[in-house]
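Heads up, the thing below is written out as structure tokens.
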Amino acid sequence: REMNIVNRSAITVLFRKPFIDWHNGLMPEMPLNQDMLRESVTYLIADLSGDIDKVLRKHYKEIFENELFQMWEDENDWPVKLSYKLFNEWFSVEVSGFVFDICKNRLEGSNID
């Protein structure tokens, strides 16, 4: 069996009800349903070292802003303060210290501005 370990760790973010409610308040004509609570997004970060809470505090705002932007580009409609507390109310998080690549083709990426 050939698997490559990637020199990254992963933060997986799952939506919680307050995030869905925020979106649906802005777009009632195109509501997200409760099935979105099972959806997740994964962010790769440098190798995990140290306290997981410290790592999350380092990256939460960038993740929070990206998730909001993916749903609604007008920052005026975002929550006023994107605190770590609010992040944890709107998302549940899982952290993986090891990421394995089981694909045969080469890992590639692209930048999203």
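Each chain in the structure tokens gets a letter, A, B, ..., in the order shown, and its residues are numbered from 1; ligands are numbered from 1 in order too.
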Test item: residues at most 12 Å from Glu65 of chain A, only C-alpha atoms, excluding those fewer than 5 positions along its chain, as a compact mmCIF listing (two decimals) with all heavy atoms, in the first residue's frame:
# COMPACT_ATOMS: atom_id res chain seq x y z
N HIS A 59 -5.68 30.87 13.67
CA HIS A 59 -6.27 30.76 12.33
C HIS A 59 -7.76 31.07 12.24
O HIS A 59 -8.29 31.18 11.14
CB HIS A 59 -6.03 29.35 11.77
CG HIS A 59 -4.60 29.02 11.56
ND1 HIS A 59 -3.86 29.56 10.53
CD2 HIS A 59 -3.76 28.21 12.25
CE1 HIS A 59 -2.62 29.10 10.59
NE2 HIS A 59 -2.53 28.28 11.62
N TYR A 60 -8.45 31.20 13.39
CA TYR A 60 -9.91 31.29 13.35
C TYR A 60 -10.44 32.46 12.52
O TYR A 60 -11.41 32.33 11.78
CB TYR A 60 -10.51 31.32 14.76
CG TYR A 60 -10.63 32.70 15.36
CD1 TYR A 60 -11.77 33.47 15.15
CD2 TYR A 60 -9.60 33.27 16.09
CE1 TYR A 60 -11.87 34.75 15.67
CE2 TYR A 60 -9.69 34.54 16.61
CZ TYR A 60 -10.83 35.28 16.39
OH TYR A 60 -10.93 36.54 16.90
N GLN A 70 -17.69 33.30 1.45
CA GLN A 70 -18.22 32.30 0.51
C GLN A 70 -19.74 32.36 0.42
O GLN A 70 -20.33 31.98 -0.59
CB GLN A 70 -17.77 30.89 0.93
CG GLN A 70 -16.28 30.66 0.86
CD GLN A 70 -15.68 31.00 -0.50
OE1 GLN A 70 -16.18 30.61 -1.54
NE2 GLN A 70 -14.60 31.77 -0.47
N MET A 71 -20.38 32.83 1.49
CA MET A 71 -21.84 32.91 1.52
C MET A 71 -22.37 34.30 1.18
O MET A 71 -23.43 34.44 0.60
CB MET A 71 -22.37 32.53 2.91
CG MET A 71 -22.12 31.10 3.27
SD MET A 71 -23.10 30.01 2.20
CE MET A 71 -22.51 28.42 2.77
N TRP A 72 -21.59 35.34 1.58
CA TRP A 72 -22.09 36.70 1.43
C TRP A 72 -20.91 37.65 1.37
O TRP A 72 -20.18 37.81 2.35
CB TRP A 72 -22.98 37.05 2.61
CG TRP A 72 -23.81 38.27 2.44
CD1 TRP A 72 -23.54 39.51 2.95
CD2 TRP A 72 -25.04 38.39 1.74
NE1 TRP A 72 -24.53 40.40 2.60
CE2 TRP A 72 -25.48 39.73 1.87
CE3 TRP A 72 -25.83 37.51 1.00
CZ2 TRP A 72 -26.64 40.19 1.28
CZ3 TRP A 72 -27.00 37.97 0.42
CH2 TRP A 72 -27.40 39.29 0.57
N GLU A 73 -20.71 38.32 0.24
CA GLU A 73 -19.52 39.13 0.02
C GLU A 73 -19.55 40.50 0.71
O GLU A 73 -18.50 41.06 0.98
CB GLU A 73 -19.28 39.31 -1.48
CG GLU A 73 -18.91 38.03 -2.16
CD GLU A 73 -18.65 38.18 -3.65
OE1 GLU A 73 -18.58 39.33 -4.14
OE2 GLU A 73 -18.51 37.14 -4.32
N ASP A 74 -20.72 41.02 1.02
CA ASP A 74 -20.82 42.35 1.62
C ASP A 74 -20.51 42.28 3.11
O ASP A 74 -21.32 41.83 3.92
CB ASP A 74 -22.22 42.93 1.40
CG ASP A 74 -22.35 44.37 1.86
OD1 ASP A 74 -21.43 44.89 2.53
OD2 ASP A 74 -23.39 44.98 1.56
N GLU A 75 -19.31 42.75 3.47
CA GLU A 75 -18.85 42.68 4.85
C GLU A 75 -19.70 43.51 5.81
O GLU A 75 -19.67 43.30 7.02
CB GLU A 75 -17.38 43.12 4.94
CG GLU A 75 -16.45 42.17 4.22
CD GLU A 75 -15.00 42.59 4.28
OE1 GLU A 75 -14.61 43.33 5.22
OE2 GLU A 75 -14.24 42.20 3.37
N TRP A 78 -21.89 41.26 7.79
CA TRP A 78 -21.23 40.28 8.65
C TRP A 78 -21.40 40.71 10.11
O TRP A 78 -21.66 41.87 10.39
CB TRP A 78 -19.75 40.19 8.33
CG TRP A 78 -19.40 39.64 6.99
CD1 TRP A 78 -20.25 39.30 5.97
CD2 TRP A 78 -18.08 39.39 6.50
NE1 TRP A 78 -19.54 38.86 4.88
CE2 TRP A 78 -18.20 38.90 5.19
CE3 TRP A 78 -16.82 39.54 7.05
CZ2 TRP A 78 -17.11 38.55 4.42
CZ3 TRP A 78 -15.72 39.19 6.29
CH2 TRP A 78 -15.86 38.68 4.99
N PRO A 79 -21.22 39.78 11.02
CA PRO A 79 -21.22 40.18 12.43
C PRO A 79 -20.16 41.26 12.66
O PRO A 79 -19.10 41.25 12.03
CB PRO A 79 -20.84 38.90 13.17
CG PRO A 79 -21.22 37.80 12.23
CD PRO A 79 -21.00 38.35 10.85
N VAL A 80 -20.45 42.20 13.55
CA VAL A 80 -19.56 43.33 13.80
C VAL A 80 -18.21 42.85 14.34
O VAL A 80 -17.17 43.28 13.88
CB VAL A 80 -20.21 44.33 14.78
CG1 VAL A 80 -19.24 45.43 15.16
CG2 VAL A 80 -21.47 44.91 14.16
N LYS A 81 -18.23 41.94 15.30
CA LYS A 81 -16.99 41.46 15.90
C LYS A 81 -16.84 39.97 15.65
O LYS A 81 -17.65 39.17 16.12
CB LYS A 81 -16.97 41.75 17.40
CG LYS A 81 -15.64 41.43 18.02
CD LYS A 81 -15.57 41.88 19.46
CE LYS A 81 -14.17 41.58 19.97
NZ LYS A 81 -14.13 41.37 21.38
N LEU A 82 -15.82 39.60 14.91
CA LEU A 82 -15.57 38.18 14.63
C LEU A 82 -14.66 37.61 15.71
O LEU A 82 -13.48 37.39 15.51
CB LEU A 82 -14.92 38.03 13.25
CG LEU A 82 -15.73 38.59 12.07
CD1 LEU A 82 -14.99 38.36 10.77
CD2 LEU A 82 -17.11 37.98 12.04
N SER A 83 -15.24 37.37 16.86
CA SER A 83 -14.48 36.89 18.00
C SER A 83 -14.30 35.37 17.94
O SER A 83 -15.03 34.66 17.24
CB SER A 83 -15.19 37.27 19.30
OG SER A 83 -16.40 36.55 19.41
N TYR A 84 -13.35 34.90 18.71
CA TYR A 84 -13.12 33.45 18.83
C TYR A 84 -14.35 32.77 19.44
O TYR A 84 -14.73 31.68 19.04
CB TYR A 84 -11.87 33.21 19.65
CG TYR A 84 -11.43 31.76 19.73
CD1 TYR A 84 -11.11 31.05 18.58
CD2 TYR A 84 -11.33 31.12 20.95
CE1 TYR A 84 -10.70 29.73 18.65
CE2 TYR A 84 -10.92 29.79 21.02
CZ TYR A 84 -10.61 29.11 19.88
OH TYR A 84 -10.21 27.80 19.95
N PHE A 87 -16.93 32.50 16.73
CA PHE A 87 -16.49 31.44 15.81
C PHE A 87 -16.92 30.07 16.34
O PHE A 87 -17.45 29.25 15.61
CB PHE A 87 -14.98 31.51 15.64
CG PHE A 87 -14.40 30.41 14.80
CD1 PHE A 87 -14.47 30.46 13.42
CD2 PHE A 87 -13.76 29.33 15.39
CE1 PHE A 87 -13.93 29.45 12.63
CE2 PHE A 87 -13.22 28.31 14.62
CZ PHE A 87 -13.30 28.38 13.23
Hey, could you make a per-residue contact list for segment 32-111 of chain A against segment 5-17 of chain A with 9 Å as the cut-off, showing the nearest pair of atoms and its distance in Å to one decimal, counting only C-alpha atoms, sorted by chain and number, as a tab-separated table?
residue	atom	partner	partner_atom	distance
A:Gln34	CA	A:Lys17	CA	7.7
A:Met36	CA	A:Phe15	CA	6.8
A:Leu37	CA	A:Phe15	CA	5.1
A:Arg38	CA	A:Leu14	CA	6.7
A:Glu39	CA	A:Leu14	CA	6.0
A:Ser40	CA	A:Leu14	CA	4.5
A:Val41	CA	A:Val13	CA	5.3
A:Thr42	CA	A:Thr12	CA	4.2
A:Tyr43	CA	A:Ile11	CA	5.1
A:Leu44	CA	A:Ala10	CA	4.5
A:Ile45	CA	A:Ser9	CA	5.3
A:Ala46	CA	A:Arg8	CA	4.9
A:Asp47	CA	A:Arg8	CA	4.7
A:Leu48	CA	A:Ser9	CA	5.6
A:Leu56	CA	A:Ile11	CA	8.2
A:Ile63	CA	A:Val13	CA	8.6
A:Asn88	CA	A:Arg16	CA	8.9
A:Glu89	CA	A:Arg16	CA	7.2
A:Trp90	CA	A:Arg16	CA	5.0
A:Phe91	CA	A:Phe15	CA	4.8
A:Ser92	CA	A:Leu14	CA	5.2
A:Val93	CA	A:Val13	CA	4.7
A:Glu94	CA	A:Thr12	CA	5.1
A:Val95	CA	A:Ile11	CA	4.6
A:Ser96	CA	A:Ala10	CA	5.0
A:Gly97	CA	A:Ser9	CA	4.8
A:Phe98	CA	A:Ser9	CA	5.4
A:Val99	CA	A:Val6	CA	5.5
A:Phe100	CA	A:Ile5	CA	4.4
A:Asp101	CA	A:Ile5	CA	6.1
A:Ile102	CA	A:Ile5	CA	8.8
Tell me, as a compact mmCIF listing (two decimals) with N, CA and C atoms, in the first residue's frame, which residues lie within 12 Å of Pro31 of chain A, counting only C-alpha atoms; anything in the same chain fewer than 4 positions away does not count.
# COMPACT_ATOMS: atom_id res chain seq x y z
N PHE A 19 -24.84 29.90 12.12
CA PHE A 19 -24.31 30.27 10.81
C PHE A 19 -25.40 30.12 9.75
N ILE A 20 -26.12 29.01 9.80
CA ILE A 20 -27.22 28.76 8.86
C ILE A 20 -28.29 29.84 9.02
N ASP A 21 -28.62 30.17 10.26
CA ASP A 21 -29.64 31.20 10.53
C ASP A 21 -29.20 32.56 9.99
N TRP A 22 -27.91 32.90 10.16
CA TRP A 22 -27.39 34.17 9.64
C TRP A 22 -27.56 34.23 8.13
N HIS A 23 -27.14 33.17 7.45
CA HIS A 23 -27.27 33.12 5.99
C HIS A 23 -28.73 33.24 5.57
N ASN A 24 -29.60 32.46 6.22
CA ASN A 24 -31.00 32.45 5.82
C ASN A 24 -31.69 33.78 6.09
N GLY A 25 -31.20 34.54 7.07
CA GLY A 25 -31.73 35.88 7.31
C GLY A 25 -31.39 36.83 6.18
N LEU A 26 -30.25 36.61 5.54
CA LEU A 26 -29.82 37.45 4.42
C LEU A 26 -30.42 36.99 3.10
N MET A 27 -30.66 35.70 2.97
CA MET A 27 -31.15 35.15 1.70
C MET A 27 -32.34 34.21 1.93
N ASP A 35 -29.52 20.18 6.50
CA ASP A 35 -28.53 19.22 6.02
C ASP A 35 -27.14 19.85 5.94
N MET A 36 -27.09 21.17 5.83
CA MET A 36 -25.80 21.87 5.78
C MET A 36 -25.04 21.70 7.09
N MET A 71 -20.38 32.83 1.49
CA MET A 71 -21.84 32.91 1.52
C MET A 71 -22.37 34.30 1.18
Assign secondary structure with DSSP using the backbone only, and return the residues of chain A in strand (DSSP E or B) as a PDB file with N, CA, C and O atoms, in the first residue's frame.
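Saved file part37.pdb follows:
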ATOM      1  N   ASN A   4       1.083   8.650   0.905  1.00  0.00           N
ATOM      2  CA  ASN A   4       2.018   9.696   1.275  1.00  0.00           C
ATOM      3  C   ASN A   4       1.431  10.537   2.387  1.00  0.00           C
ATOM      4  O   ASN A   4       0.256  10.899   2.344  1.00  0.00           O
ATOM      5  N   ILE A   5       2.248  10.827   3.372  1.00  0.00           N
ATOM      6  CA  ILE A   5       1.812  11.763   4.395  1.00  0.00           C
ATOM      7  C   ILE A   5       2.191  13.158   3.912  1.00  0.00           C
ATOM      8  O   ILE A   5       3.282  13.370   3.393  1.00  0.00           O
ATOM      9  N   VAL A   6       1.261  14.071   3.993  1.00  0.00           N
ATOM     10  CA  VAL A   6       1.451  15.439   3.532  1.00  0.00           C
ATOM     11  C   VAL A   6       1.973  16.262   4.707  1.00  0.00           C
ATOM     12  O   VAL A   6       1.519  16.093   5.834  1.00  0.00           O
ATOM     13  N   SER A   9      -1.231  19.811   8.534  1.00  0.00           N
ATOM     14  CA  SER A   9      -2.286  19.366   9.424  1.00  0.00           C
ATOM     15  C   SER A   9      -3.573  19.960   8.871  1.00  0.00           C
ATOM     16  O   SER A   9      -3.537  20.753   7.927  1.00  0.00           O
ATOM     17  N   ALA A  10      -4.703  19.574   9.439  1.00  0.00           N
ATOM     18  CA  ALA A  10      -5.979  20.033   8.888  1.00  0.00           C
ATOM     19  C   ALA A  10      -6.907  20.535   9.981  1.00  0.00           C
ATOM     20  O   ALA A  10      -6.973  19.954  11.064  1.00  0.00           O
ATOM     21  N   ILE A  11      -7.592  21.616   9.671  1.00  0.00           N
ATOM     22  CA  ILE A  11      -8.676  22.120  10.510  1.00  0.00           C
ATOM     23  C   ILE A  11      -9.942  21.932   9.699  1.00  0.00           C
ATOM     24  O   ILE A  11     -10.085  22.500   8.610  1.00  0.00           O
ATOM     25  N   THR A  12     -10.843  21.104  10.182  1.00  0.00           N
ATOM     26  CA  THR A  12     -12.114  20.870   9.501  1.00  0.00           C
ATOM     27  C   THR A  12     -13.206  21.611  10.253  1.00  0.00           C
ATOM     28  O   THR A  12     -13.350  21.467  11.465  1.00  0.00           O
ATOM     29  N   VAL A  13     -13.961  22.416   9.521  1.00  0.00           N
ATOM     30  CA  VAL A  13     -14.981  23.283  10.081  1.00  0.00           C
ATOM     31  C   VAL A  13     -16.346  22.776   9.633  1.00  0.00           C
ATOM     32  O   VAL A  13     -16.560  22.535   8.441  1.00  0.00           O
ATOM     33  N   LEU A  14     -17.241  22.600  10.597  1.00  0.00           N
ATOM     34  CA  LEU A  14     -18.620  22.217  10.304  1.00  0.00           C
ATOM     35  C   LEU A  14     -19.541  23.351  10.731  1.00  0.00           C
ATOM     36  O   LEU A  14     -19.325  23.976  11.777  1.00  0.00           O
ATOM     37  N   PHE A  15     -20.551  23.610   9.934  1.00  0.00           N
ATOM     38  CA  PHE A  15     -21.487  24.689  10.222  1.00  0.00           C
ATOM     39  C   PHE A  15     -22.375  24.322  11.405  1.00  0.00           C
ATOM     40  O   PHE A  15     -22.795  23.177  11.545  1.00  0.00           O
ATOM     41  N   SER A  40     -18.925  20.118   5.634  1.00  0.00           N
ATOM     42  CA  SER A  40     -17.692  20.593   6.257  1.00  0.00           C
ATOM     43  C   SER A  40     -16.752  21.175   5.212  1.00  0.00           C
ATOM     44  O   SER A  40     -16.889  20.919   4.022  1.00  0.00           O
ATOM     45  N   VAL A  41     -15.815  21.958   5.701  1.00  0.00           N
ATOM     46  CA  VAL A  41     -14.767  22.550   4.878  1.00  0.00           C
ATOM     47  C   VAL A  41     -13.462  22.291   5.612  1.00  0.00           C
ATOM     48  O   VAL A  41     -13.388  22.434   6.831  1.00  0.00           O
ATOM     49  N   THR A  42     -12.425  21.921   4.870  1.00  0.00           N
ATOM     50  CA  THR A  42     -11.145  21.614   5.501  1.00  0.00           C
ATOM     51  C   THR A  42     -10.080  22.594   5.040  1.00  0.00           C
ATOM     52  O   THR A  42      -9.960  22.892   3.856  1.00  0.00           O
ATOM     53  N   TYR A  43      -9.325  23.081   6.003  1.00  0.00           N
ATOM     54  CA  TYR A  43      -8.224  24.008   5.771  1.00  0.00           C
ATOM     55  C   TYR A  43      -6.926  23.319   6.150  1.00  0.00           C
ATOM     56  O   TYR A  43      -6.812  22.769   7.251  1.00  0.00           O
ATOM     57  N   LEU A  44      -5.970  23.342   5.248  1.00  0.00           N
ATOM     58  CA  LEU A  44      -4.657  22.784   5.545  1.00  0.00           C
ATOM     59  C   LEU A  44      -3.779  23.872   6.153  1.00  0.00           C
ATOM     60  O   LEU A  44      -3.766  24.999   5.675  1.00  0.00           O
ATOM     61  N   ILE A  45      -3.074  23.499   7.202  1.00  0.00           N
ATOM     62  CA  ILE A  45      -2.176  24.423   7.880  1.00  0.00           C
ATOM     63  C   ILE A  45      -0.805  23.765   8.008  1.00  0.00           C
ATOM     64  O   ILE A  45      -0.665  22.566   7.749  1.00  0.00           O
ATOM     65  N   PHE A  91     -19.419  27.539  14.395  1.00  0.00           N
ATOM     66  CA  PHE A  91     -18.761  26.390  13.762  1.00  0.00           C
ATOM     67  C   PHE A  91     -18.291  25.405  14.824  1.00  0.00           C
ATOM     68  O   PHE A  91     -17.877  25.804  15.907  1.00  0.00           O
ATOM     69  N   SER A  92     -18.350  24.146  14.481  1.00  0.00           N
ATOM     70  CA  SER A  92     -17.634  23.159  15.287  1.00  0.00           C
ATOM     71  C   SER A  92     -16.376  22.813  14.498  1.00  0.00           C
ATOM     72  O   SER A  92     -16.340  22.942  13.271  1.00  0.00           O
ATOM     73  N   VAL A  93     -15.347  22.407  15.199  1.00  0.00           N
ATOM     74  CA  VAL A  93     -14.043  22.252  14.585  1.00  0.00           C
ATOM     75  C   VAL A  93     -13.421  20.924  14.981  1.00  0.00           C
ATOM     76  O   VAL A  93     -13.529  20.490  16.119  1.00  0.00           O
ATOM     77  N   GLU A  94     -12.780  20.296  14.025  1.00  0.00           N
ATOM     78  CA  GLU A  94     -11.981  19.098  14.266  1.00  0.00           C
ATOM     79  C   GLU A  94     -10.584  19.380  13.723  1.00  0.00           C
ATOM     80  O   GLU A  94     -10.437  19.978  12.661  1.00  0.00           O
ATOM     81  N   VAL A  95      -9.579  18.968  14.464  1.00  0.00           N
ATOM     82  CA  VAL A  95      -8.200  19.181  14.041  1.00  0.00           C
ATOM     83  C   VAL A  95      -7.540  17.831  13.827  1.00  0.00           C
ATOM     84  O   VAL A  95      -7.659  16.935  14.666  1.00  0.00           O
ATOM     85  N   SER A  96      -6.868  17.676  12.698  1.00  0.00           N
ATOM     86  CA  SER A  96      -6.136  16.448  12.380  1.00  0.00           C
ATOM     87  C   SER A  96      -4.659  16.782  12.295  1.00  0.00           C
ATOM     88  O   SER A  96      -4.262  17.654  11.526  1.00  0.00           O
ATOM     89  N   VAL A  99      -2.182  14.317   7.756  1.00  0.00           N
ATOM     90  CA  VAL A  99      -2.969  14.298   6.523  1.00  0.00           C
ATOM     91  C   VAL A  99      -2.291  13.321   5.573  1.00  0.00           C
ATOM     92  O   VAL A  99      -1.102  13.450   5.277  1.00  0.00           O
ATOM     93  N   PHE A 100      -3.059  12.336   5.124  1.00  0.00           N
ATOM     94  CA  PHE A 100      -2.546  11.337   4.185  1.00  0.00           C
ATOM     95  C   PHE A 100      -3.145  11.589   2.820  1.00  0.00           C
ATOM     96  O   PHE A 100      -4.325  11.869   2.675  1.00  0.00           O
ATOM     97  N   ASP A 101      -2.329  11.456   1.802  1.00  0.00           N
ATOM     98  CA  ASP A 101      -2.761  11.602   0.421  1.00  0.00           C
ATOM     99  C   ASP A 101      -2.817  10.200  -0.177  1.00  0.00           C
ATOM    100  O   ASP A 101      -1.790   9.539  -0.326  1.00  0.00           O
TER     101      ASP A 101
END
- [ ] Tell me, in Å to one decimal, how far atom CA of Leu86 of chain A is from atom CA of Arg57 of chain A.
- [x]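 About the pair atom CA of Leu86 of chain A and atom CA of Arg57 of chain A: they are 12.0 Å apart.
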Open item on the list: Report, in Å to a single decimal, how far apart atom CA of Arg106 of chain A and atom CA of Glu2 of chain A are.
Closed with: 13.2 Å
Open item on the list: Could you pull out the helix (DSSP H, G or I) residues of chain A, going by DSSP on the backbone, and write them as number ranges by chain?
Closed with: A: 17-26, 34-38, 52-71, 75-77, 84-90
Task: atom CA of Asn66 of chain A to atom CA of Cys103 of chain A, distance in Å rounded to a single decimal - done: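 Computed distance, atom CA of Asn66 of chain A to atom CA of Cys103 of chain A, equals 26.6 Å.
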